[in-house]
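File shown here: coords_9.csv, holding CSV, C-alpha atoms and all ligand atoms.
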chain,number,residue,atom,x,y,z
A,1,MET,CA,30.8,64.2,37.9
A,2,LYS,CA,27.3,63.0,38.8
A,3,PRO,CA,27.8,60.2,41.3
A,4,THR,CA,24.1,60.2,42.4
A,5,VAL,CA,22.6,58.2,39.5
A,6,PRO,CA,24.0,55.4,37.4
A,7,LYS,CA,25.7,56.7,34.3
A,8,LYS,CA,23.5,54.8,31.9
A,9,ALA,CA,20.6,57.0,33.1
A,10,TYR,CA,22.2,59.8,31.0
A,11,ARG,CA,22.7,59.9,27.3
A,12,PRO,CA,25.1,61.9,25.1
A,13,ARG,CA,23.4,64.9,23.6
A,14,ALA,CA,23.5,63.6,20.1
A,15,SER,CA,21.0,61.0,20.8
A,16,ARG,CA,18.5,63.3,22.5
A,17,ALA,CA,15.8,63.1,19.9
A,18,ALA,CA,16.0,59.3,20.0
A,19,ALA,CA,16.2,59.3,23.8
A,20,SER,CA,13.0,61.3,24.2
A,21,GLY,CA,11.2,58.8,22.0
A,22,VAL,CA,10.5,61.5,19.5
A,23,LEU,CA,11.2,60.9,15.8
A,24,LYS,CA,11.9,63.7,13.3
A,25,THR,CA,9.3,66.3,14.3
A,26,ALA,CA,7.9,69.5,12.8
A,27,GLY,CA,10.2,71.4,15.2
A,28,GLN,CA,13.5,70.1,13.9
A,29,THR,CA,15.2,71.9,11.1
A,30,THR,CA,18.5,71.3,9.2
A,31,LYS,CA,20.8,74.3,9.1
A,32,ARG,CA,21.2,75.8,5.6
A,33,SER,CA,24.3,77.9,4.9
A,34,GLY,CA,23.3,81.3,3.7
A,35,ALA,CA,19.9,81.2,5.3
A,36,THR,CA,19.0,83.7,8.0
A,37,ARG,CA,18.8,82.5,11.6
A,38,TRP,CA,15.0,83.0,11.6
A,39,ALA,CA,14.7,80.8,8.5
A,40,ASN,CA,17.0,78.1,9.9
A,41,THR,CA,14.9,78.0,13.1
A,42,TRP,CA,11.4,78.1,11.7
A,43,VAL,CA,11.5,76.8,8.1
A,44,GLN,CA,12.1,73.1,7.5
A,45,SER,CA,11.8,73.5,3.7
A,46,PRO,CA,11.8,76.9,1.8
A,47,ASN,CA,9.9,75.3,-1.1
A,48,TRP,CA,7.0,74.3,1.2
A,49,PHE,CA,7.1,77.6,3.0
A,50,PHE,CA,7.0,79.8,-0.1
A,51,GLY,CA,4.6,77.4,-1.8
A,52,PHE,CA,2.3,77.8,1.2
A,53,TRP,CA,2.3,81.6,1.0
A,54,ILE,CA,1.7,81.6,-2.8
A,55,VAL,CA,-1.4,79.4,-2.2
A,56,VAL,CA,-2.5,81.7,0.6
A,57,ALA,CA,-2.2,84.7,-1.8
A,58,LEU,CA,-4.1,82.9,-4.5
A,59,CYS,CA,-6.9,82.0,-2.1
A,60,LEU,CA,-7.2,85.6,-1.0
A,61,VAL,CA,-7.2,86.8,-4.7
A,62,ILE,CA,-10.0,84.3,-5.4
A,63,TYR,CA,-11.9,85.4,-2.4
A,64,THR,CA,-11.6,89.1,-3.4
A,65,LEU,CA,-12.9,88.3,-6.9
A,66,ASN,CA,-15.7,86.3,-5.2
A,67,ALA,CA,-16.6,89.3,-3.0
A,68,LEU,CA,-16.5,91.7,-6.0
A,69,PHE,CA,-18.4,89.6,-8.6
A,70,GLY,CA,-20.3,86.9,-6.7
A,71,GLN,CA,-22.2,86.1,-3.6
A,72,VAL,CA,-20.3,85.6,-0.3
A,73,HIS,CA,-22.3,82.8,1.4
A,74,PRO,CA,-21.5,79.3,2.6
A,75,GLY,CA,-24.2,77.9,0.3
A,76,SER,CA,-23.3,79.8,-2.9
A,77,ALA,CA,-21.2,78.0,-5.5
A,78,TRP,CA,-18.1,79.8,-4.3
A,79,GLY,CA,-18.8,79.1,-0.7
A,80,LEU,CA,-19.5,75.5,-1.3
A,81,SER,CA,-16.2,75.2,-3.3
A,82,TYR,CA,-14.3,76.6,-0.3
A,83,GLY,CA,-16.1,74.1,2.0
A,84,ILE,CA,-15.2,71.2,-0.3
A,85,ALA,CA,-11.6,72.3,-0.6
A,86,ALA,CA,-11.4,72.6,3.2
A,87,THR,CA,-12.7,69.1,3.6
A,88,ILE,CA,-10.2,67.7,1.0
A,89,LEU,CA,-7.4,69.4,2.9
A,90,PHE,CA,-8.7,68.1,6.2
A,91,VAL,CA,-8.6,64.5,4.9
A,92,ALA,CA,-5.0,65.2,3.5
A,93,VAL,CA,-4.0,66.6,7.0
A,94,PHE,CA,-5.3,63.4,8.7
A,95,LEU,CA,-3.2,61.1,6.4
A,96,TYR,CA,-0.2,62.1,8.5
A,97,ALA,CA,-1.7,60.2,11.5
A,98,LEU,CA,-2.3,57.1,9.3
A,99,ARG,CA,1.3,57.4,7.9
A,100,ARG,CA,2.7,57.4,11.5
A,101,ARG,CA,0.9,54.2,12.2
A,102,LEU,CA,2.2,52.6,9.0
A,103,MET,CA,5.8,53.7,9.3
A,104,LYS,CA,7.1,50.4,8.0
A,105,VAL,CA,5.3,50.6,4.7
A,106,ARG,CA,7.9,52.3,2.5
A,107,ALA,CA,5.6,52.4,-0.6
A,108,LEU,CA,3.5,55.1,1.1
A,109,GLY,CA,6.4,57.6,0.7
A,110,ARG,CA,8.4,59.8,3.1
A,111,SER,CA,6.5,60.6,6.3
A,112,TRP,CA,8.3,64.0,6.2
A,113,VAL,CA,6.2,65.0,3.2
A,114,TYR,CA,3.0,64.0,5.1
A,115,LEU,CA,4.2,66.2,7.9
A,116,GLN,CA,4.6,69.2,5.6
A,117,VAL,CA,1.1,68.5,4.2
A,118,HIS,CA,-0.2,68.3,7.8
A,119,VAL,CA,1.3,71.6,8.9
A,120,TYR,CA,0.8,73.7,5.8
A,121,GLY,CA,-2.4,72.0,4.8
A,122,GLY,CA,-3.8,72.4,8.3
A,123,ALA,CA,-3.2,76.1,8.2
A,124,LEU,CA,-4.8,76.4,4.7
A,125,PHE,CA,-7.7,74.4,6.0
A,126,LEU,CA,-8.4,77.1,8.5
A,127,LEU,CA,-8.2,79.8,5.9
A,128,LEU,CA,-10.7,77.9,3.7
A,129,VAL,CA,-13.0,77.5,6.7
A,130,PHE,CA,-12.9,81.3,7.1
A,131,MET,CA,-13.6,81.8,3.4
A,132,HIS,CA,-16.4,79.3,3.6
A,133,THR,CA,-18.1,81.3,6.4
A,134,GLY,CA,-17.3,84.6,4.6
A,135,PHE,CA,-15.0,85.6,7.5
A,136,GLN,CA,-18.2,86.0,9.6
A,137,TRP,CA,-19.4,84.4,12.9
A,138,PRO,CA,-21.2,81.1,12.1
A,139,GLN,CA,-25.0,81.1,12.6
A,140,GLY,CA,-26.0,77.6,13.8
A,141,VAL,CA,-24.8,75.7,17.0
A,142,LEU,CA,-23.1,72.9,15.0
A,143,THR,CA,-21.4,75.3,12.7
A,144,TRP,CA,-20.3,77.5,15.6
A,145,TRP,CA,-18.6,74.4,17.2
A,146,LEU,CA,-17.0,73.4,13.9
A,147,TRP,CA,-15.6,76.9,13.5
A,148,ALA,CA,-14.3,77.2,17.1
A,149,LEU,CA,-12.8,73.7,17.1
A,150,SER,CA,-11.1,74.3,13.8
A,151,ILE,CA,-9.4,77.4,15.3
A,152,TRP,CA,-8.5,75.4,18.4
A,153,VAL,CA,-7.0,72.5,16.4
A,154,VAL,CA,-4.9,74.7,14.2
A,155,GLY,CA,-4.0,77.0,17.1
A,156,SER,CA,-2.8,74.1,19.2
A,157,GLY,CA,-0.9,72.7,16.2
A,158,LEU,CA,1.0,76.0,16.0
A,159,LEU,CA,1.6,75.9,19.7
A,160,GLY,CA,3.1,72.4,19.3
A,161,ILE,CA,5.5,73.7,16.6
A,162,VAL,CA,6.6,76.5,18.9
A,163,LEU,CA,7.1,74.1,21.8
A,164,GLN,CA,9.0,71.6,19.5
A,165,LYS,CA,11.4,74.5,18.6
A,166,TRP,CA,11.8,76.1,21.9
A,167,LEU,CA,11.9,73.4,24.6
A,168,PRO,CA,14.7,71.3,23.0
A,169,THR,CA,16.8,74.4,23.0
A,170,LEU,CA,16.1,75.0,26.7
A,171,LEU,CA,16.9,71.3,27.3
A,172,SER,CA,20.2,71.4,25.6
A,173,SER,CA,21.4,74.9,26.6
A,174,GLY,CA,20.7,75.1,30.3
A,175,LEU,CA,21.1,71.4,31.4
A,176,THR,CA,24.2,69.3,31.7
A,177,THR,CA,22.6,65.9,31.6
A,178,GLU,CA,20.3,63.9,29.2
A,179,VAL,CA,17.5,62.1,30.9
A,180,HIS,CA,15.0,59.6,29.5
A,181,TYR,CA,11.5,60.7,30.4
A,182,ASP,CA,10.3,57.2,31.3
A,183,ARG,CA,13.1,56.6,33.7
A,184,ILE,CA,12.6,59.8,35.7
A,185,PRO,CA,10.6,58.3,38.6
A,186,ASP,CA,13.3,55.6,39.1
A,187,LEU,CA,16.1,58.2,39.0
A,188,VAL,CA,14.4,60.3,41.6
A,189,SER,CA,13.9,57.2,43.9
A,190,GLU,CA,17.5,56.3,43.4
A,191,ILE,CA,18.6,59.8,44.4
A,192,ARG,CA,16.3,59.7,47.5
A,193,ARG,CA,17.7,56.3,48.5
A,194,ARG,CA,21.3,57.6,48.2
A,195,ALA,CA,20.5,60.8,50.0
A,196,GLU,CA,18.9,59.0,52.9
A,197,ALA,CA,21.9,56.6,53.2
A,198,LEU,CA,24.2,59.6,53.2
A,199,VAL,CA,22.5,61.6,55.9
A,200,GLU,CA,21.9,58.7,58.2
A,201,ASP,CA,25.2,59.1,60.0
A,202,ALA,CA,25.7,62.8,59.2
A,203,ASP,CA,25.7,65.8,61.6
A,204,TYR,CA,22.5,66.7,63.3
A,205,ALA,CA,22.3,70.0,61.4
A,206,ILE,CA,22.5,68.1,58.0
A,207,ARG,CA,19.9,65.6,59.1
A,208,THR,CA,17.5,68.3,60.2
A,209,PHE,CA,18.1,70.3,57.0
A,210,TYR,CA,17.5,67.1,54.9
A,211,ARG,CA,14.4,66.2,56.8
A,212,ASP,CA,12.7,69.6,56.9
A,213,ASP,CA,13.8,71.2,53.6
A,214,LEU,CA,15.1,68.6,51.2
A,215,ALA,CA,13.2,65.3,51.7
A,216,PRO,CA,9.8,66.6,50.6
A,217,SER,CA,11.1,67.6,47.2
A,218,LEU,CA,12.8,64.2,46.7
A,219,THR,CA,9.6,62.2,47.0
A,220,GLY,CA,9.0,62.4,43.2
A,221,PRO,CA,9.5,64.4,40.1
A,222,GLU,CA,8.1,67.9,40.3
A,223,THR,CA,7.1,70.5,37.6
A,224,HIS,CA,7.9,74.2,38.0
A,225,LEU,CA,7.0,77.0,35.6
A,226,ALA,CA,10.4,78.6,36.3
A,227,TYR,CA,12.1,75.9,34.2
A,228,TYR,CA,10.5,77.4,31.1
A,229,LEU,CA,12.6,80.5,31.9
A,230,GLY,CA,15.8,78.5,32.1
A,231,ALA,CA,16.0,78.7,36.0
A,232,SER,CA,18.0,76.0,37.6
A,233,ASP,CA,17.8,76.6,41.4
A,234,VAL,CA,14.0,77.0,41.6
A,235,ASN,CA,13.8,76.3,45.4
A,236,GLY,CA,16.7,78.7,46.2
A,237,ARG,CA,18.6,75.9,48.0
A,238,SER,CA,22.1,77.2,47.1
A,239,ARG,CA,22.1,79.9,49.8
A,240,GLN,CA,20.9,77.4,52.4
A,241,PHE,CA,23.7,75.0,51.5
A,242,ASP,CA,26.2,77.8,51.6
A,243,ALA,CA,25.0,79.0,55.0
A,244,LEU,CA,25.0,75.5,56.5
A,245,GLY,CA,28.4,74.6,55.0
A,246,ALA,CA,30.0,77.6,56.7
A,247,MET,CA,29.0,76.2,60.1
A,248,LEU,CA,30.3,72.7,59.6
A,249,PRO,CA,33.6,70.9,60.1
A,250,ALA,CA,35.5,69.8,56.9
A,251,GLU,CA,34.3,66.1,57.1
A,252,GLU,CA,30.7,67.1,57.3
A,253,ARG,CA,31.1,69.7,54.6
A,254,ALA,CA,32.1,66.9,52.2
A,255,LYS,CA,28.9,65.1,53.0
A,256,LEU,CA,26.9,68.3,52.5
A,257,SER,CA,28.6,68.9,49.2
A,258,GLU,CA,27.7,65.4,48.1
A,259,LEU,CA,24.1,66.0,49.2
A,260,ARG,CA,24.1,69.3,47.3
A,261,GLU,CA,25.1,67.5,44.0
A,262,MET,CA,22.3,65.1,44.5
A,263,VAL,CA,19.8,68.0,45.0
A,264,GLN,CA,21.2,69.7,41.9
A,265,THR,CA,20.8,66.5,39.9
A,266,LYS,CA,17.2,66.2,41.1
A,267,GLN,CA,16.6,69.8,40.0
A,268,GLU,CA,18.0,69.0,36.5
A,269,ILE,CA,15.7,65.9,36.4
A,270,ASP,CA,12.8,68.1,37.4
A,271,ALA,CA,13.7,70.5,34.6
A,272,HIS,CA,13.7,67.6,32.1
A,273,TYR,CA,10.4,66.4,33.6
A,274,THR,CA,8.7,69.8,33.2
A,275,LEU,CA,9.9,70.4,29.7
A,276,GLN,CA,9.6,66.9,28.3
A,277,LYS,CA,6.1,66.6,29.9
A,278,ALA,CA,5.0,69.8,27.9
A,279,LEU,CA,6.6,68.4,24.7
A,280,ARG,CA,4.5,65.3,25.1
A,281,GLY,CA,1.4,66.8,26.7
A,282,TRP,CA,0.6,69.5,24.1
A,283,LEU,CA,-0.6,66.7,21.8
A,284,LEU,CA,-3.5,66.2,24.3
A,285,LEU,CA,-4.7,69.7,23.4
A,286,HIS,CA,-4.4,68.9,19.7
A,287,VAL,CA,-5.3,65.3,18.9
A,288,PRO,CA,-8.6,64.6,20.9
A,289,VAL,CA,-10.1,67.8,19.7
A,290,SER,CA,-9.1,67.0,16.1
A,291,VAL,CA,-11.0,63.7,16.5
A,292,VAL,CA,-14.1,65.5,17.7
A,293,LEU,CA,-13.7,67.8,14.7
A,294,ILE,CA,-13.9,64.8,12.3
A,295,VAL,CA,-17.1,63.7,13.9
A,296,LEU,CA,-18.7,67.2,13.7
A,297,LEU,CA,-17.4,67.6,10.1
A,298,GLY,CA,-19.1,64.3,9.3
A,299,PHE,CA,-22.4,65.6,10.8
A,300,HIS,CA,-22.1,68.9,9.0
A,301,ILE,CA,-21.5,67.3,5.6
A,302,PHE,CA,-24.3,64.8,6.2
A,303,SER,CA,-26.8,67.5,7.2
A,304,VAL,CA,-25.9,69.8,4.3
A,305,TRP,CA,-26.1,66.9,1.8
A,306,TYR,CA,-29.4,65.4,3.0
A,307,TRP,CA,-31.4,68.4,4.2
A,401,LIG,C1,-7.1,70.3,10.2
A,401,LIG,C2,-6.3,70.6,11.1
A,401,LIG,C3,-5.5,69.5,11.9
A,401,LIG,C4,-5.9,68.3,12.3
A,401,LIG,C5,-7.2,67.6,12.2
A,401,LIG,C6,-4.7,67.7,13.0
A,401,LIG,C7,-4.6,66.5,13.7
A,401,LIG,C8,-3.5,65.9,14.2
A,401,LIG,C9,-3.3,64.6,14.7
A,401,LIG,C10,-4.5,63.6,14.7
A,401,LIG,C11,-2.1,64.4,15.1
A,401,LIG,C12,-1.4,63.2,15.7
A,401,LIG,C13,-0.7,62.5,14.6
A,401,LIG,C14,-0.1,61.2,15.2
A,401,LIG,O1,0.9,61.2,15.9
A,401,LIG,O2,-0.8,60.2,15.1
A,401,LIG,C15,-1.4,65.7,14.9
A,401,LIG,C16,0.0,65.9,15.2
A,401,LIG,C17,0.6,67.1,15.0
A,401,LIG,N1,0.0,68.3,14.5
A,401,LIG,FE1,-1.8,68.5,13.8
A,401,LIG,N2,-3.7,68.7,13.0
A,401,LIG,C18,-4.2,69.8,12.3
A,401,LIG,C19,-3.5,70.9,12.0
A,401,LIG,C20,-2.2,71.2,12.4
A,401,LIG,C21,-1.5,72.4,12.2
A,401,LIG,C22,-2.1,73.6,11.4
A,401,LIG,C23,-0.3,72.3,12.7
A,401,LIG,C24,0.8,73.3,12.8
A,401,LIG,C25,0.8,74.5,12.3
A,401,LIG,C26,-0.2,71.0,13.3
A,401,LIG,C27,0.9,70.5,14.0
A,401,LIG,C28,1.0,69.2,14.4
A,401,LIG,C29,2.2,68.7,15.0
A,401,LIG,C30,3.5,69.5,15.2
A,401,LIG,C31,1.9,67.4,15.3
A,401,LIG,C32,2.9,66.4,15.9
A,401,LIG,C33,3.8,65.9,14.8
A,401,LIG,C34,4.9,65.0,15.3
A,401,LIG,O3,5.8,65.5,15.9
A,401,LIG,O4,4.7,63.8,15.1
A,401,LIG,N3,-1.4,70.3,13.1
A,401,LIG,N4,-2.3,66.6,14.3
Write the structure described by the file as structure tokens, please.
Ligand code: HEM
Amino acid sequence: MKPTVPKKAYRPRASRAAASGVLKTAGQTTKRSGATRWANTWVQSPNWFFGFWIVVALCLVIYTLNALFGQVHPGSAWGLSYGIAATILFVAVFLYALRRRLMKVRALGRSWVYLQVHVYGGALFLLLVFMHTGFQWPQGVLTWWLWALSIWVVGSGLLGIVLQKWLPTLLSSGLTTEVHYDRIPDLVSEIRRRAEALVEDADYAIRTFYRDDLAPSLTGPETHLAYYLGASDVNGRSRQFDALGAMLPAEERAKLSELREMVQTKQEIDAHYTLQKALRGWLLLHVPVSVVLIVLLGFHIFSVWYW
């Protein structure tokens, strides 16, 4: 039982995706009987997955023919075709952002399809950028930035997929509670308020332990890298509680054990805070840079077209 925080603060596990405010993401897969564990974890749709690899193989065959029989240069007919194909894919990849803003318009089709185009199309976009530059370092400053930011955006997209697969598993396997991210500061304040009320008339040893060791960590939510490894008692408080408990009379031990539950709840909340913050925060690595990439791509096309 978790007496420290009102029950409505926690949600049953089934509603976790909804609770975290995340709709169906690229990280969620539906289990297919007969598929390997790897495929069930990483592949949302086998058709898209195999289709992607067929297109990659086709691109590489075309590039090999180009290298054998034509000129490998961004300005050659082949090179320009790769650049144009990359731009078309870039626009298609961006349609996902528009679709998310027009979720209610059913006529636009399933947003899941847009997400597949986003993920696989984004990866193909990078391959076509490499083909466009002949798998060489770019020469000019603008083209260098275009090239580097393309790698960054696709790399951060891949990181997002890994986080969307991995963090929800950590959240559901190691933690006993469900916590809504936006409510975390309130929940921590509530724990602090209850802890302070509890220790007010407790034994001197408990009050000192609370003031010196526990109170600082109850001032607000905290992030710890150890939560990524599934750790639960990151501050090593368990041993302190055990040692103090052994010295106290039964009545005070009951108070100490209530305080311990509060501290454990706070640590679970911190684990949620750390992992959910990463789930939301990685988009900051991905989206702003993708917007800069559109602007640079616009300049690049303009300069190639008019100069
Ligand atoms: C041309 C390259 C790409 C661009 C310009 C781009 C841009 C964006 C933008 C603007 C969003 C925010 C959409 C929104 O919520 O409004 C987004 C989300 C996302 N992108 Fe990309 N992206 C690219 C490639 C990729 C790649 C290659 C992957 C994965 C391999 C990827 C994975 C994701 C994921 C997982 C999300 C969040 C989806 C969700 O859960 O709603 N992106 N991207």
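Here the question is which of A:Tyr273, A:Trp78, A:Tyr63, A:Phe299 gets nearest to A:Asp182 using all atoms listed in the file, and that residue is A:Tyr273.
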Nearest-residue call for A:Glu268, choices A:Trp307, A:Arg211, A:Pro221, A:Leu175, using only C-alpha atoms: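 Counting only C-alpha atoms, the residue closest to A:Glu268 is A:Leu175.
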Given all atoms listed in the file as the basis, pick out the residue of A:Leu283, A:Leu296, A:Glu200, A:Gly70 nearest to A:Val141.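 Looking only at the distances to A:Val141, the closest residue turns out to be A:Leu296.
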What is the atom CA of A:Leu259 to atom CA of A:Leu171 distance in Å?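 Taking atom CA of A:Leu259 as the start and atom CA of A:Leu171 as the end point, the length is 23.7 Å.
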Taking only C-alpha atoms and all ligand atoms into account, list the residues no farther than 6 Å from ligand LIG 401 (chain A), as number ranges by chain. A: 25-26, 90, 93-94, 97, 100, 118-119, 122-123, 125, 153-154, 157-158, 160-161, 287, 290
One-decimal distance in Å that lies between atom CA of A:Thr169 and atom CA of A:Trp38: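 We find that atom CA of A:Trp38 and atom CA of A:Thr169 lie 14.4 Å from each other.
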Please identify all polymer residues within 12 Å of A:Ala271, counting all atoms listed in the file, omitting same-chain residues fewer than 5 positions from it, and present them as a PDB file with C-alpha atoms, in the frame of the given file.
ATOM      1  CA  LEU A 167      11.900  73.400  24.600  1.00  0.00           C
ATOM      2  CA  PRO A 168      14.700  71.300  23.000  1.00  0.00           C
ATOM      3  CA  LEU A 170      16.100  75.000  26.700  1.00  0.00           C
ATOM      4  CA  LEU A 171      16.900  71.300  27.300  1.00  0.00           C
ATOM      5  CA  SER A 172      20.200  71.400  25.600  1.00  0.00           C
ATOM      6  CA  SER A 173      21.400  74.900  26.600  1.00  0.00           C
ATOM      7  CA  GLY A 174      20.700  75.100  30.300  1.00  0.00           C
ATOM      8  CA  LEU A 175      21.100  71.400  31.400  1.00  0.00           C
ATOM      9  CA  THR A 176      24.200  69.300  31.700  1.00  0.00           C
ATOM     10  CA  THR A 177      22.600  65.900  31.600  1.00  0.00           C
ATOM     11  CA  GLU A 178      20.300  63.900  29.200  1.00  0.00           C
ATOM     12  CA  VAL A 179      17.500  62.100  30.900  1.00  0.00           C
ATOM     13  CA  TYR A 181      11.500  60.700  30.400  1.00  0.00           C
ATOM     14  CA  ILE A 184      12.600  59.800  35.700  1.00  0.00           C
ATOM     15  CA  PRO A 221       9.500  64.400  40.100  1.00  0.00           C
ATOM     16  CA  GLU A 222       8.100  67.900  40.300  1.00  0.00           C
ATOM     17  CA  THR A 223       7.100  70.500  37.600  1.00  0.00           C
ATOM     18  CA  HIS A 224       7.900  74.200  38.000  1.00  0.00           C
ATOM     19  CA  LEU A 225       7.000  77.000  35.600  1.00  0.00           C
ATOM     20  CA  ALA A 226      10.400  78.600  36.300  1.00  0.00           C
ATOM     21  CA  TYR A 227      12.100  75.900  34.200  1.00  0.00           C
ATOM     22  CA  TYR A 228      10.500  77.400  31.100  1.00  0.00           C
ATOM     23  CA  LEU A 229      12.600  80.500  31.900  1.00  0.00           C
ATOM     24  CA  GLY A 230      15.800  78.500  32.100  1.00  0.00           C
ATOM     25  CA  ALA A 231      16.000  78.700  36.000  1.00  0.00           C
ATOM     26  CA  SER A 232      18.000  76.000  37.600  1.00  0.00           C
ATOM     27  CA  ASP A 233      17.800  76.600  41.400  1.00  0.00           C
ATOM     28  CA  VAL A 234      14.000  77.000  41.600  1.00  0.00           C
ATOM     29  CA  GLN A 264      21.200  69.700  41.900  1.00  0.00           C
ATOM     30  CA  THR A 265      20.800  66.500  39.900  1.00  0.00           C
ATOM     31  CA  LYS A 266      17.200  66.200  41.100  1.00  0.00           C
ATOM     32  CA  GLN A 276       9.600  66.900  28.300  1.00  0.00           C
ATOM     33  CA  LYS A 277       6.100  66.600  29.900  1.00  0.00           C
ATOM     34  CA  ALA A 278       5.000  69.800  27.900  1.00  0.00           C
TER      35      ALA A 278
END
Would you mind listing what lies within 8 Å of stretch 252-257 of chain A as an MDAnalysis selection string, with all atoms listed in the file counted and same-chain residues fewer than 4 positions away left out? chainID A and resid 198:199 202:203 206 241 245 248 261
Between A:Val55, A:Leu127, A:Val295, A:Val117, which has the minimum distance to A:Leu95 (counting all atoms listed in the file)?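 Under the stated criterion, the closest residue is A:Val117.
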What lies within 12 Å of stretch 32-36 of chain A using all atoms listed in the file, ignoring chain neighbours under 6 positions off, as a ChimeraX atom specification? /A:42-46
